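The structure appears below as structure tokens.
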Amino acid sequence: MATDAAVPAVSMRGVTKRFPGVVANDKVDFEAAPGEVHALLGENGAGKSTLSNILTGLYQPDEGRIELYGEPVAFASPREAIDAGVGMVHQHFRLVSRFTVAENLVLGDRRGAGRYFHIDPSAIATQVRELGARYSLPVDPRARIWQLSVGEQQRVEILKALYQEARILILDEPTAVLTPDEADTLFVTVRQMAEEGRTVIFISHKLHEVMAVSDRVTVLRAGKALATVRTADATPESLTELMVGREIETATRQGRAQPEGVPVLEVEDLWADGDRGTVAVRGVTLTVHAGEIAAIAGVAGNGQRELAEAIAGLRPSTKGMVRVNGRPVHTGDAQAAFEAGIGYVPEDRLGTGLSPTLPIAMNLSLKSYRHESVGPFLRLHLMRHKAEDEIRIFEIKCAGPDQETDELSGGNLQKVVIAREFSAHPSVLIAASPTRGLDVAAVEQVHSYLMQAAEEGAAVLLISEDLDEILALNDRVLVMYEGTLTAVEDRESVSEIGLRMAGGTPG
Amino acid sequence: MRVTFERRLSQPWWLSVVVPVGAVILAFVIAGILFLATGIDPLSTYRELFNAAFFQTGSLSQTLITATPLAFTGLAAAAAFRMKLYNIGAEGQMYMGAIFGSAAGLYLGSHVSSSAFAIAGMIVAGIAGGAAWALISGVLKAFFSTSEILTSLLLNYVAGLILTYLIFESESYWRQTKGFNATVFPTGKQLPKVAQWPTWTINLQGGIVVPFGAIVAVIVAVILWLLYSRTRFGFGAQVLGDSERAARYSGVRVRRKILAVMGLSGAIAGIGGASQVGDFAHALDGDPNGLQKLGYGYTGIVVAALARYNPFATLLVAFLLGGLQNAGNTLQGPNFPAGLVGVLQGIILFCALGCELLVRYRVRIHRKAAAKGTAAPAPAPKAAS
Amino acid sequence: MNNSLLVVILASGVAYGTPLLYAALGELLAERSGVLNLGVEGMMLGGAVMGFWTVQRVHANTGVALTAAIVVAALMGAALASIHAFLVITLRASQIVSGLALTIFAGAVGLSSYLGNDLNLADSPAAHTFNAVFPKSMQNWPIVGPIIFGQNVLVYVSWLCVVLVSLYLSRTRPGLNVRAVGESPAAADTMGISVTRYRYAHTLVGGAFAGVAGATITLAITPQWVNGITGGAGWIAIALVIFAFWRPELCLVGAYFFGSLQALAPQLQARNIHLGPTVLWTNALPYVMTIVVLVIVSSGTAKSRLGAPEALGVAYVREER
């Protein structure tokens with residue numbers, strides 16, 4: 001229960017952090033009380049992660065003053081922050097996947113057992129079990145991280161902080177990888193930690209979570225802290241106003257007639273293996289019609305990525321067939337998929353969808369260059385004109401077609417990918433987590449492009465972990481769980497979708 | 001005080017030239033300090049080196065003799081390293097090119113009367129030998145994911161053993177078995193006149209002899225440049241060298257590319273081997289203290305790295321390092337122990353590697369940062385812009 | 001019995017395998033921290049030449065001279081490794097090219113050759129050498145005699161090193177930390193482990209081991225200085241780490257296997273046994289076998305999880321936006 005304690009647990013004043021070309025935090029004031037759940041709200045790119053990284057010692061602020069429980073602190077390294085009782089659960093887990101849970105917990109620990117040179121595995125295991133039971137975070141201490149599901153891995157991250165006896169706990173976008181039920185359990189755990197007197201800083205860009213779990217909210221926008229309000233006093237509209245500065249037009253598919261289009265993408269009993277050799281896609285059958293947006297919901301790690309890759313030709317299938325416009329497409333052949341009219345916007349934009357250090361113009365022709373040539377020779381002038389056009393049409397903010405691609409911001413990177421996929425006028429467009437990490441303006445644009453693609457007759461397959469996005473854009477909802485695809489009966493029912501995401505079936 | 005590196009927002013083109021040049025100068029300074037420490041006068045040493053390399057009469061011809069093989073091995077390394085295929089086997093691929101090229105030269109030279117035909121045959125044979133040897137590593141990498149670094153390296157030793165065997169330990173086709181000299185010391189058969197590669201003499205500095213191989217190297221550089229920057233093959237190769245996942249995504253057939261690039265790299269080194277036989281030795285040199293001790297294949301890597309894998313820069317750097325190596329050979333003696341050139345090359349490469357960072361990052365030195373509650377003064381950027 | 005081909009080869013195999021073992025252990029430690037050091041051949045030659053020089057120059061009894069030589073060789077290896085460490089850890093240079101540069105700098109056409117000539121080391125045999133430790137009577141015991149008791153102290157110390165490195169990695173806190181640094185430096189950094197310090201430390205220690213490996217050759221196996229005396233052993237050691245799946249115990253097995261292959265050629269020649277076209281085949285055998293085993297191991301590990309430390313060869317940057 002939050003009280004107006006005299007001494008705040010965390011006090012950050014005038015904190016500024018600059019990176020080349022951007023001021024990530026601009027004289028931010030932030031304060032959190034002991035026993036409070038304090039939400040840090042802001043859209044992607046507002047500076048939330050930077051601020052928390054400063055608090056955990058990963059970054060050093062350029063200006064500003066930080067106090068913990070009234071004592072000034074200046075963390076030169078993560079170690080000092082941990083010793084001072086600050087723990088963080090990162091959005092991208094900092095776990096060693098080959099180690100066991102127990103080994104991950106004791107890593108770098110200097111208290112108690114750290115005095116000794118050698119490790120005693122069994123002692124740690126007991127502690128892990130105890131902590132797991134106490135906070136509803138059960139996990140097997142001897143399991144190796146790569147064997148755990150994403151949700152379980154997050155539990156390990158939280159246990160790590162608790163094991164280090166963190167008094168201040170920072171959770172960075174924790175529900176991104178959870179089903180709705182798992183998220184509810186997490187909120188219970190969070191409240192329990194707060195009741196014990198710990199301070200929980202909950203970072204999110206999702207309004208309904210923030211309203212559900214926090215006592216107070218601080219809104220960040222473009223690096224500045226705009227306001228701190230008590231959650232009880234706030235409304236979704238007031239928070240949105242603060243967060244974005246205007247009303248968001250959430251794109252929705254409501255009011256759109258059911259498409260009667262011809263089936264464009266037909267997937268029949270598709271099976272494919274994952275990277276570790278285990279089966280990832282189990283007999284998926286799916287048809288998407290022209291002008292339709294079929295949305296696949298599901299927590300990461302249930303085979304969605306492998307399904308997308310199998311259809312787009314990046315992963316060979318072990319059984320089954322893919323057809324586009326009636327003609328079979330040879331799986332495992334990315335070029336064939338492209339020629340058949342399949343466009344793919346992968347979730348890993350800079351790692352897979354783009355060649356990072358090559359110029360933007362080359363990335364815009366990444367798949368089409370074979371057609372933009374005379375014999376073996378490239379028609380470089382043609383490619384350049386095309387690049388200039390696309391930069392203009394899609395409003396890609398860059399220094400020109402020769403700029404190195406990885407210098408662009410997240411939103412612009414995605415625009416390059418989308419520009420490329422769109423200009424090929426695909427019959428099928430697969431978009432996997434297309435708005436992850438993008439700010440609101442970019443999200444709006446991506447959504448409008450997707451709907452535009454459907455208007456122009458493409459069969460759009462949207463794969464996303466963001467339920468809000470799924471609900472807003474779909475003509476049809478399906479859920480992927482452990483490699484199996486099931487259709488959702490009521491496309492507006494969050495509870496049904498959430499249930500299926502966890503593997504259940506409506507009774 | 002803290003030193004951090006910050007990603008540059010943009011990279012001016014001239015940085016790619018200034019940094020390597022600066023690195024070389026830095027290397028000479030460092031080496032100079034080391035010389036002082038061991039009692040050698042650096043300035044006079046450098047003067048002697050440069051004279052012997054470029055300015056004395058006949059030195060340019062000598063330099064071209066060492067620069068030509070370095071150009072080939074440098075281009076071979078550049079072709080592969082650019083794509084993150086670390087072909088360290090240029091040394092062995094060159095030996096194989098020499099073996100095949102010499103065989104072609106001996107055979108064609110005694111059966112045809114057209115010099116052009118014989119020489120063309122030698123080049124083709126050199127390509128075949130070098131490419132085949134490199135493809136062993138290529139196949140192992142493409143199909144079995146075996147490190148091409150280790151396989152190409154180990155194959156160097158095997159190629160060296162084969163080379164020595166052919167001349168020293170057997171009565172092979174390549175070995176000279178007739179004549180008095182043959183009984184004293186094992187040597188390779190002399191190439192017939194028809195198969196010996198021509199030279200051109202420029203009337204400067206007392207006559208600079210340009211071997212045919214040097215011209216071939218320039219042609220190879222042009223082809224390589226065209227291939228990588230103007231063709232579909234080159235596009236795919238660039239993507240593969242940048243990000244394998246993006247390459248697969250874009251439809252590049254990775255295995256084929258690996259084979260093609262390794263083969264190409266080996267082929268270039270193979271021409272270098274044929275050139276060794278056709279231009280200079282006019283016989284296959286199987287002496288373990290001969291060609292095998294010169295380390296052209298390894299120096300080629302230094303050349304390519306310094307040239308940042310650009311084909312034309314490779315030619316230039318090959319010329320410069322060739323001069324250095326030539327000078328080292330000429331001046332060898334008590335003041336210039338063998339190994340000095342390798343030390344200098346190593347230092348140059350270290351400096352090039354170290355300075356590489358400056359192309360992409362700027363250096364910032366932070367005075368006492370925002371600690372203990374006081375607003376820090378804006379960091380004074382002692383940036384190397 | 002003790003003169004049978006098999007026993008002699010095994011006994012020589014242990015002897016020849018010892019420098020491979022030291023070098024492989026060192027490289028294993030560096031790679032476990034995430035640093036690939038291809039300069040092993042150069043570091044071995046550096047240690048070999050400086051160790052030899054120490055023994056020729058130190059005027060003391062055998063024990064002191066040899067100990068000093070090993071210490072100097074280790075320091076030389078570490079010094080050479082420090083160049084690589086600085087370039088790849090602090091200046092984030094390409095680990096592959098830097099390692100190659102180190103081999104060129106210190107190798108048979110570089111520093112070791114320079115020192116060998118400058119210090120006139122090629123003329124005379126070593127003034128002191130490592131000889132067998134156990135009495136002749138024990139050395140004559142059937143089979144185990146020559147193989148186990150006929151070795152010099154460097155061999156026995158190498159066994160101790162295998163045990164120590166193995167315990168270090170699996171049972172100690174710093175061992176756990178270094179494994180984390182090599183697998184996931186971001187995770188280690190977040191937990192307060194200094195990635196930089198661990199990488200420097202393990203790279204330098206790796207260099208020291210390589211230096212000792214080189215000295216083993218010039219002081220125990222072929223007690224003289226010849227330019228390039230290592231003949232590619234450094235590269236075989238790097239391959240060894242891969243065969244051993246980055247485990248110290250398997251390094252021992254692999255080292256002796258390849259040591260035996262190296263012993264094969266001279267032994268067969270002495271006994272007039274011919275395998276294929278004379279010496280070419282047996283001389284090439286160690287290299288060819290290394291390639292064969294590499295292929296078998298690589299194609300297998302591509303699927304399984306017994307692989308390299310995940311962050312091997314990649315520079316770690318904390319504040320990258």
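For the structure tokens, the naming scheme is as follows: chains receive sequential letters (A, B, ...) according to their order of presentation, residues are indexed from 1 within each chain, and ligands are indexed from 1 in presentation order.
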Self-check item: Residue contacts of C:Leu160 (12 Å, only C-alpha atoms) excluding same-chain residues fewer than 6 positions away, as JSON, numbers by chain
Solution: {"C": [21, 22, 25, 153, 154, 166, 167, 248, 249, 252]}
Once you have the residues from the selection above, write them out as a JSON list (two decimals), in the first residue's frame, restricted to C-alpha atoms.
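The resulting file, again28.json, is reproduced below:
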```
[["chain", "number", "residue", "atom", "x", "y", "z"],
["C", 21, "LEU", "CA", 48.18, -30.01, -24.60],
["C", 22, "TYR", "CA", 49.60, -26.87, -23.01],
["C", 25, "LEU", "CA", 44.54, -25.66, -22.51],
["C", 153, "VAL", "CA", 58.47, -33.04, -15.45],
["C", 154, "LEU", "CA", 56.69, -30.83, -17.98],
["C", 166, "SER", "CA", 38.84, -28.74, -15.22],
["C", 167, "LEU", "CA", 38.11, -28.09, -11.56],
["C", 248, "PRO", "CA", 40.10, -30.01, -20.64],
["C", 249, "GLU", "CA", 39.98, -33.77, -20.17],
["C", 252, "LEU", "CA", 44.46, -34.54, -23.11]]
```
Practice problem: Provide as a list in words the residues of chain B at most 6 Å from chain C, counting only C-alpha atoms. | Solution: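 My answer is Phe144, Ser145, Thr146, Thr151, Leu154, Val158, Pro337, Ala338, Gly339, Leu340, Gly342, Val343, Gly346, Leu353 and Gly354 of chain B.
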Using only C-alpha atoms, please write the residues we just selected to a file, as a PDB file, in the first residue's frame.
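The result, written out as result-v2.pdb:
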```pdb
ATOM      1  CA  PHE B 144      29.830 -29.655 -43.008  1.00  0.00           C
ATOM      2  CA  SER B 145      30.143 -26.225 -41.406  1.00  0.00           C
ATOM      3  CA  THR B 146      33.822 -26.915 -40.825  1.00  0.00           C
ATOM      4  CA  THR B 151      41.120 -26.426 -42.971  1.00  0.00           C
ATOM      5  CA  LEU B 154      46.272 -27.090 -42.475  1.00  0.00           C
ATOM      6  CA  VAL B 158      50.048 -30.399 -46.864  1.00  0.00           C
ATOM      7  CA  PRO B 337      68.326  -9.891 -39.478  1.00  0.00           C
ATOM      8  CA  ALA B 338      65.757 -11.957 -41.245  1.00  0.00           C
ATOM      9  CA  GLY B 339      62.449 -11.561 -39.541  1.00  0.00           C
ATOM     10  CA  LEU B 340      62.643  -7.793 -39.384  1.00  0.00           C
ATOM     11  CA  GLY B 342      57.759  -9.788 -40.648  1.00  0.00           C
ATOM     12  CA  VAL B 343      57.970  -7.763 -37.475  1.00  0.00           C
ATOM     13  CA  GLY B 346      52.945  -7.355 -38.048  1.00  0.00           C
ATOM     14  CA  LEU B 353      43.432  -3.089 -36.867  1.00  0.00           C
ATOM     15  CA  GLY B 354      43.603  -0.725 -33.959  1.00  0.00           C
TER      16      GLY B 354
END
```
Determine, for each residue of stretch 173-271 of chain A having at least one atom at most 6 Å from an atom of stretch 285-292 of chain A, the closest pair of atoms and their separation in Å to one decimal, counting only C-alpha atoms; order by chain and ascending number, as a Markdown table.
```
| residue | atom | partner | partner_atom | distance |
| --- | --- | --- | --- | --- |
| A:Gly261 | CA | A:Ala290 | CA | 4.8 |
| A:Val262 | CA | A:His289 | CA | 5.3 |
| A:Pro263 | CA | A:His289 | CA | 4.1 |
| A:Val264 | CA | A:His289 | CA | 5.2 |
| A:Leu265 | CA | A:Val288 | CA | 5.1 |
| A:Glu266 | CA | A:Thr287 | CA | 4.6 |
| A:Val267 | CA | A:Leu286 | CA | 5.0 |
| A:Glu268 | CA | A:Thr285 | CA | 4.5 |
| A:Asp269 | CA | A:Thr285 | CA | 5.0 |
```
Write out the residues from the selection above, keeping C-alpha atoms, as a PDB file, in the first residue's frame.
```
ATOM      1  CA  GLY A 261     -12.285 -12.952 -51.941  1.00  0.00           C
ATOM      2  CA  VAL A 262     -10.684 -15.928 -53.578  1.00  0.00           C
ATOM      3  CA  PRO A 263      -8.355 -18.016 -51.490  1.00  0.00           C
ATOM      4  CA  VAL A 264      -4.870 -16.754 -52.178  1.00  0.00           C
ATOM      5  CA  LEU A 265      -2.750 -18.469 -49.561  1.00  0.00           C
ATOM      6  CA  GLU A 266      -3.457 -22.112 -48.857  1.00  0.00           C
ATOM      7  CA  VAL A 267      -1.429 -23.951 -46.280  1.00  0.00           C
ATOM      8  CA  GLU A 268      -2.177 -27.643 -45.944  1.00  0.00           C
ATOM      9  CA  ASP A 269      -1.049 -29.790 -43.055  1.00  0.00           C
TER      10      ASP A 269
END
```
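If you measure from each of C:Ala11, C:Val165, C:Ile217, C:Val71 to C:His202 using only C-alpha atoms, the closest one turns out to be C:Val165.
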Counting only C-alpha atoms, a student should be able to say which residues of chain C come within 8 Å of chain A; what is the right answer, written as a PDB file with N, CA and C atoms, in the first residue's frame?
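part23.pdb, written as the output of this step:
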```pdb
ATOM      1  N   ARG C 171      33.909 -26.170 -10.944  1.00  0.00           N
ATOM      2  CA  ARG C 171      33.590 -26.158  -9.524  1.00  0.00           C
ATOM      3  C   ARG C 171      33.875 -24.860  -8.805  1.00  0.00           C
ATOM      4  N   THR C 172      34.390 -23.863  -9.491  1.00  0.00           N
ATOM      5  CA  THR C 172      34.680 -22.647  -8.745  1.00  0.00           C
ATOM      6  C   THR C 172      33.797 -21.504  -9.214  1.00  0.00           C
ATOM      7  N   ARG C 173      33.680 -20.510  -8.378  1.00  0.00           N
ATOM      8  CA  ARG C 173      32.880 -19.336  -8.700  1.00  0.00           C
ATOM      9  C   ARG C 173      33.475 -18.588  -9.883  1.00  0.00           C
ATOM     10  N   PRO C 174      34.768 -18.261  -9.874  1.00  0.00           N
ATOM     11  CA  PRO C 174      35.333 -17.577 -11.036  1.00  0.00           C
ATOM     12  C   PRO C 174      35.172 -18.405 -12.317  1.00  0.00           C
ATOM     13  N   LEU C 176      32.649 -20.350 -13.050  1.00  0.00           N
ATOM     14  CA  LEU C 176      31.274 -20.134 -13.492  1.00  0.00           C
ATOM     15  C   LEU C 176      31.158 -18.769 -14.177  1.00  0.00           C
ATOM     16  N   ASN C 177      31.814 -17.790 -13.567  1.00  0.00           N
ATOM     17  CA  ASN C 177      31.753 -16.445 -14.124  1.00  0.00           C
ATOM     18  C   ASN C 177      32.343 -16.387 -15.525  1.00  0.00           C
ATOM     19  N   ALA C 180      30.086 -17.798 -18.030  1.00  0.00           N
ATOM     20  CA  ALA C 180      28.996 -16.870 -18.352  1.00  0.00           C
ATOM     21  C   ALA C 180      29.483 -15.791 -19.309  1.00  0.00           C
ATOM     22  N   GLU C 183      29.519 -17.252 -22.744  1.00  0.00           N
ATOM     23  CA  GLU C 183      28.226 -17.619 -23.315  1.00  0.00           C
ATOM     24  C   GLU C 183      27.368 -16.405 -23.550  1.00  0.00           C
ATOM     25  N   SER C 184      27.284 -15.534 -22.551  1.00  0.00           N
ATOM     26  CA  SER C 184      26.369 -14.407 -22.627  1.00  0.00           C
ATOM     27  C   SER C 184      26.941 -13.245 -21.846  1.00  0.00           C
ATOM     28  N   ALA C 186      26.329 -10.199 -21.913  1.00  0.00           N
ATOM     29  CA  ALA C 186      25.341  -9.241 -21.416  1.00  0.00           C
ATOM     30  C   ALA C 186      24.816  -9.692 -20.061  1.00  0.00           C
ATOM     31  N   ALA C 187      24.513 -10.982 -19.948  1.00  0.00           N
ATOM     32  CA  ALA C 187      24.017 -11.493 -18.674  1.00  0.00           C
ATOM     33  C   ALA C 187      25.078 -11.335 -17.587  1.00  0.00           C
ATOM     34  N   ALA C 188      26.318 -11.653 -17.930  1.00  0.00           N
ATOM     35  CA  ALA C 188      27.387 -11.550 -16.939  1.00  0.00           C
ATOM     36  C   ALA C 188      27.563 -10.108 -16.497  1.00  0.00           C
ATOM     37  N   ASP C 189      27.537  -9.203 -17.465  1.00  0.00           N
ATOM     38  CA  ASP C 189      27.717  -7.788 -17.157  1.00  0.00           C
ATOM     39  C   ASP C 189      26.617  -7.303 -16.221  1.00  0.00           C
ATOM     40  N   THR C 190      25.389  -7.716 -16.498  1.00  0.00           N
ATOM     41  CA  THR C 190      24.274  -7.298 -15.665  1.00  0.00           C
ATOM     42  C   THR C 190      24.442  -7.796 -14.237  1.00  0.00           C
ATOM     43  N   MET C 191      25.060  -8.953 -14.084  1.00  0.00           N
ATOM     44  CA  MET C 191      25.259  -9.499 -12.751  1.00  0.00           C
ATOM     45  C   MET C 191      26.519  -8.955 -12.103  1.00  0.00           C
ATOM     46  N   GLY C 192      27.103  -7.975 -12.752  1.00  0.00           N
ATOM     47  CA  GLY C 192      28.229  -7.335 -12.109  1.00  0.00           C
ATOM     48  C   GLY C 192      29.580  -7.970 -12.368  1.00  0.00           C
ATOM     49  N   ILE C 193      29.658  -8.866 -13.324  1.00  0.00           N
ATOM     50  CA  ILE C 193      30.944  -9.481 -13.628  1.00  0.00           C
ATOM     51  C   ILE C 193      31.625  -8.639 -14.696  1.00  0.00           C
ATOM     52  N   LYS C 303      24.201 -29.815 -35.036  1.00  0.00           N
ATOM     53  CA  LYS C 303      22.875 -30.176 -34.558  1.00  0.00           C
ATOM     54  C   LYS C 303      22.789 -30.198 -33.036  1.00  0.00           C
ATOM     55  N   SER C 304      23.831 -30.688 -32.405  1.00  0.00           N
ATOM     56  CA  SER C 304      23.735 -30.886 -30.951  1.00  0.00           C
ATOM     57  C   SER C 304      24.075 -29.609 -30.186  1.00  0.00           C
ATOM     58  N   ARG C 318      28.882  -2.587 -24.229  1.00  0.00           N
ATOM     59  CA  ARG C 318      27.762  -2.429 -23.310  1.00  0.00           C
ATOM     60  C   ARG C 318      26.800  -1.340 -23.746  1.00  0.00           C
ATOM     61  N   GLU C 319      27.336  -0.173 -24.030  1.00  0.00           N
ATOM     62  CA  GLU C 319      26.440   0.967 -24.269  1.00  0.00           C
ATOM     63  C   GLU C 319      26.165   1.162 -25.743  1.00  0.00           C
ATOM     64  N   ARG C 321      23.571   1.703 -28.636  1.00  0.00           N
ATOM     65  CA  ARG C 321      22.177   2.102 -28.749  1.00  0.00           C
ATOM     66  C   ARG C 321      21.559   1.457 -29.989  1.00  0.00           C
TER      67      ARG C 321
END
```
Give me the chain A side of the contact with chain B, cut-off 8 Å, one line per residue showing its nearest atom pair and distance in Å at one decimal, counting only C-alpha atoms, sorted by chain and residue number, as CSV.
```
residue,atom,partner,partner_atom,distance
A:Pro20,CA,B:Leu9,CA,6.9
A:Gly21,CA,B:Leu9,CA,7.2
A:Gln60,CA,B:Ala370,CA,7.9
A:Pro61,CA,B:Ala370,CA,6.4
A:Asp62,CA,B:Ala370,CA,5.6
A:Glu63,CA,B:Ala370,CA,5.1
A:Gly64,CA,B:Ala375,CA,6.0
A:Arg65,CA,B:Gly373,CA,4.5
A:Ile66,CA,B:Gly373,CA,7.2
A:Pro72,CA,B:Lys372,CA,6.7
A:Val73,CA,B:Lys372,CA,6.8
A:Ala74,CA,B:Ala371,CA,5.7
A:Leu314,CA,B:Tyr249,CA,6.4
A:Asp333,CA,B:Gly251,CA,7.0
A:Ala334,CA,B:Gly251,CA,4.6
A:Gln335,CA,B:Gly251,CA,4.5
A:Gly351,CA,B:Ala246,CA,6.7
A:Thr352,CA,B:Ala246,CA,4.4
A:Gly353,CA,B:Ala246,CA,5.7
A:Leu354,CA,B:Ala246,CA,5.8
A:Ser355,CA,B:Ala246,CA,5.7
A:Pro356,CA,B:Asp242,CA,7.0
A:Thr357,CA,B:Asp242,CA,6.7
A:Leu358,CA,B:Asp242,CA,7.5
A:Leu366,CA,B:Ser250,CA,5.9
A:Lys367,CA,B:Ser250,CA,5.0
A:Tyr369,CA,B:Arg232,CA,7.1
A:Arg370,CA,B:Arg232,CA,6.4
A:Ser373,CA,B:Arg232,CA,7.5
A:Pro376,CA,B:Thr231,CA,5.4
A:Phe377,CA,B:Thr231,CA,4.3
A:Leu378,CA,B:Thr231,CA,5.2
A:Leu380,CA,B:Arg230,CA,7.7
A:Glu407,CA,B:Leu9,CA,7.1
```
Exercise. Using backbone DSSP assignments, extract all strand (DSSP E) residues from stretch 257-375 of chain B; output them as a PyMOL selection string.
Key: chain B and resi 361-366
Exercise. Please give the complete set of residues from stretch 86-279 of chain B that DSSP, run on the backbone, assigns to helix (DSSP H, G or I), formatted as number ranges by chain.
Key: B: 90-109, 115-144, 148-168, 180-184, 193-195, 212-230, 232-242, 244-249, 254-279
Self-check item: Shell of 7 Å around stretch 130-133 of chain B, only C-alpha atoms, local chain residues under 4 positions omitted, as a count of residues only
Solution: 11
Self-check item: Coordinates-based distance that separates atom CA of C:Ser12 from atom CA of C:Gln262 (Å, one decimal)
Solution: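 That distance, rounded to one decimal, is 8.6 Å.
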Self-check item: Residue nearest C:Ala23 among C:Ser194, C:Ser4, C:Ser158, C:Gln267 (counting only C-alpha atoms)
Solution: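 With only C-alpha atoms as the atom set, the closest residue is C:Ser158.
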Quiz item: Leaving out B:Thr63 and any residue of its chain fewer than 5 positions from it, which residues lie within 9 Å of it when counting only C-alpha atoms, given as a list of chain:residue names?
Solution: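 These residues fall inside the cut-off: B:Ala52, B:Ala53, B:Phe54, B:Gly58, B:Thr68, B:Phe319, B:Leu320, B:Leu321, B:Gly322, B:Gly323, B:Leu324, B:Gln325, B:Asn326, B:Ala327.
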Practice problem: Using only C-alpha atoms, determine which residues lie at most 7 Å from B:Met262, disregarding the query and same-chain residues fewer than 4 positions distant; provide the list as a PyMOL selection string. | Solution: chain B and resi 80+134-135+138+258+266
Go ahead and write the residues just picked, N, CA and C atoms, as a compact mmCIF listing (two decimals), in the first residue's frame.
```txt
# COMPACT_ATOMS: atom_id res chain seq x y z
N ALA B 80 37.92 -13.16 -50.61
CA ALA B 80 37.25 -14.03 -49.64
C ALA B 80 36.92 -13.33 -48.33
N ALA B 134 41.37 -24.82 -52.97
CA ALA B 134 40.52 -23.99 -52.10
C ALA B 134 39.15 -24.61 -51.94
N LEU B 135 38.69 -25.31 -52.97
CA LEU B 135 37.35 -25.89 -52.88
C LEU B 135 37.27 -27.01 -51.85
N GLY B 138 36.28 -25.15 -49.16
CA GLY B 138 34.95 -24.62 -49.46
C GLY B 138 33.86 -25.65 -49.25
N ILE B 258 29.31 -19.80 -51.07
CA ILE B 258 30.54 -20.14 -50.37
C ILE B 258 31.50 -20.84 -51.32
N GLY B 266 40.77 -19.05 -54.44
CA GLY B 266 41.83 -20.00 -54.74
C GLY B 266 42.36 -19.83 -56.15
```
Practice problem: Compile the contact shell of stretch 220-225 of chain C as a ChimeraX atom specification: residues with an atom at most 12 Å away, counting only C-alpha atoms, same-chain residues fewer than 4 positions apart removed. | Solution: /C:12-19,45-53,55-56,66,69-70,108,112-113,115-117,119-132,151-155,212-216,229-230,259,263
Quiz item: What separation in Å, quoted to one decimal, exists between atom CA of A:Lys224 and atom CA of A:Val86?
Solution: 22.8 Å
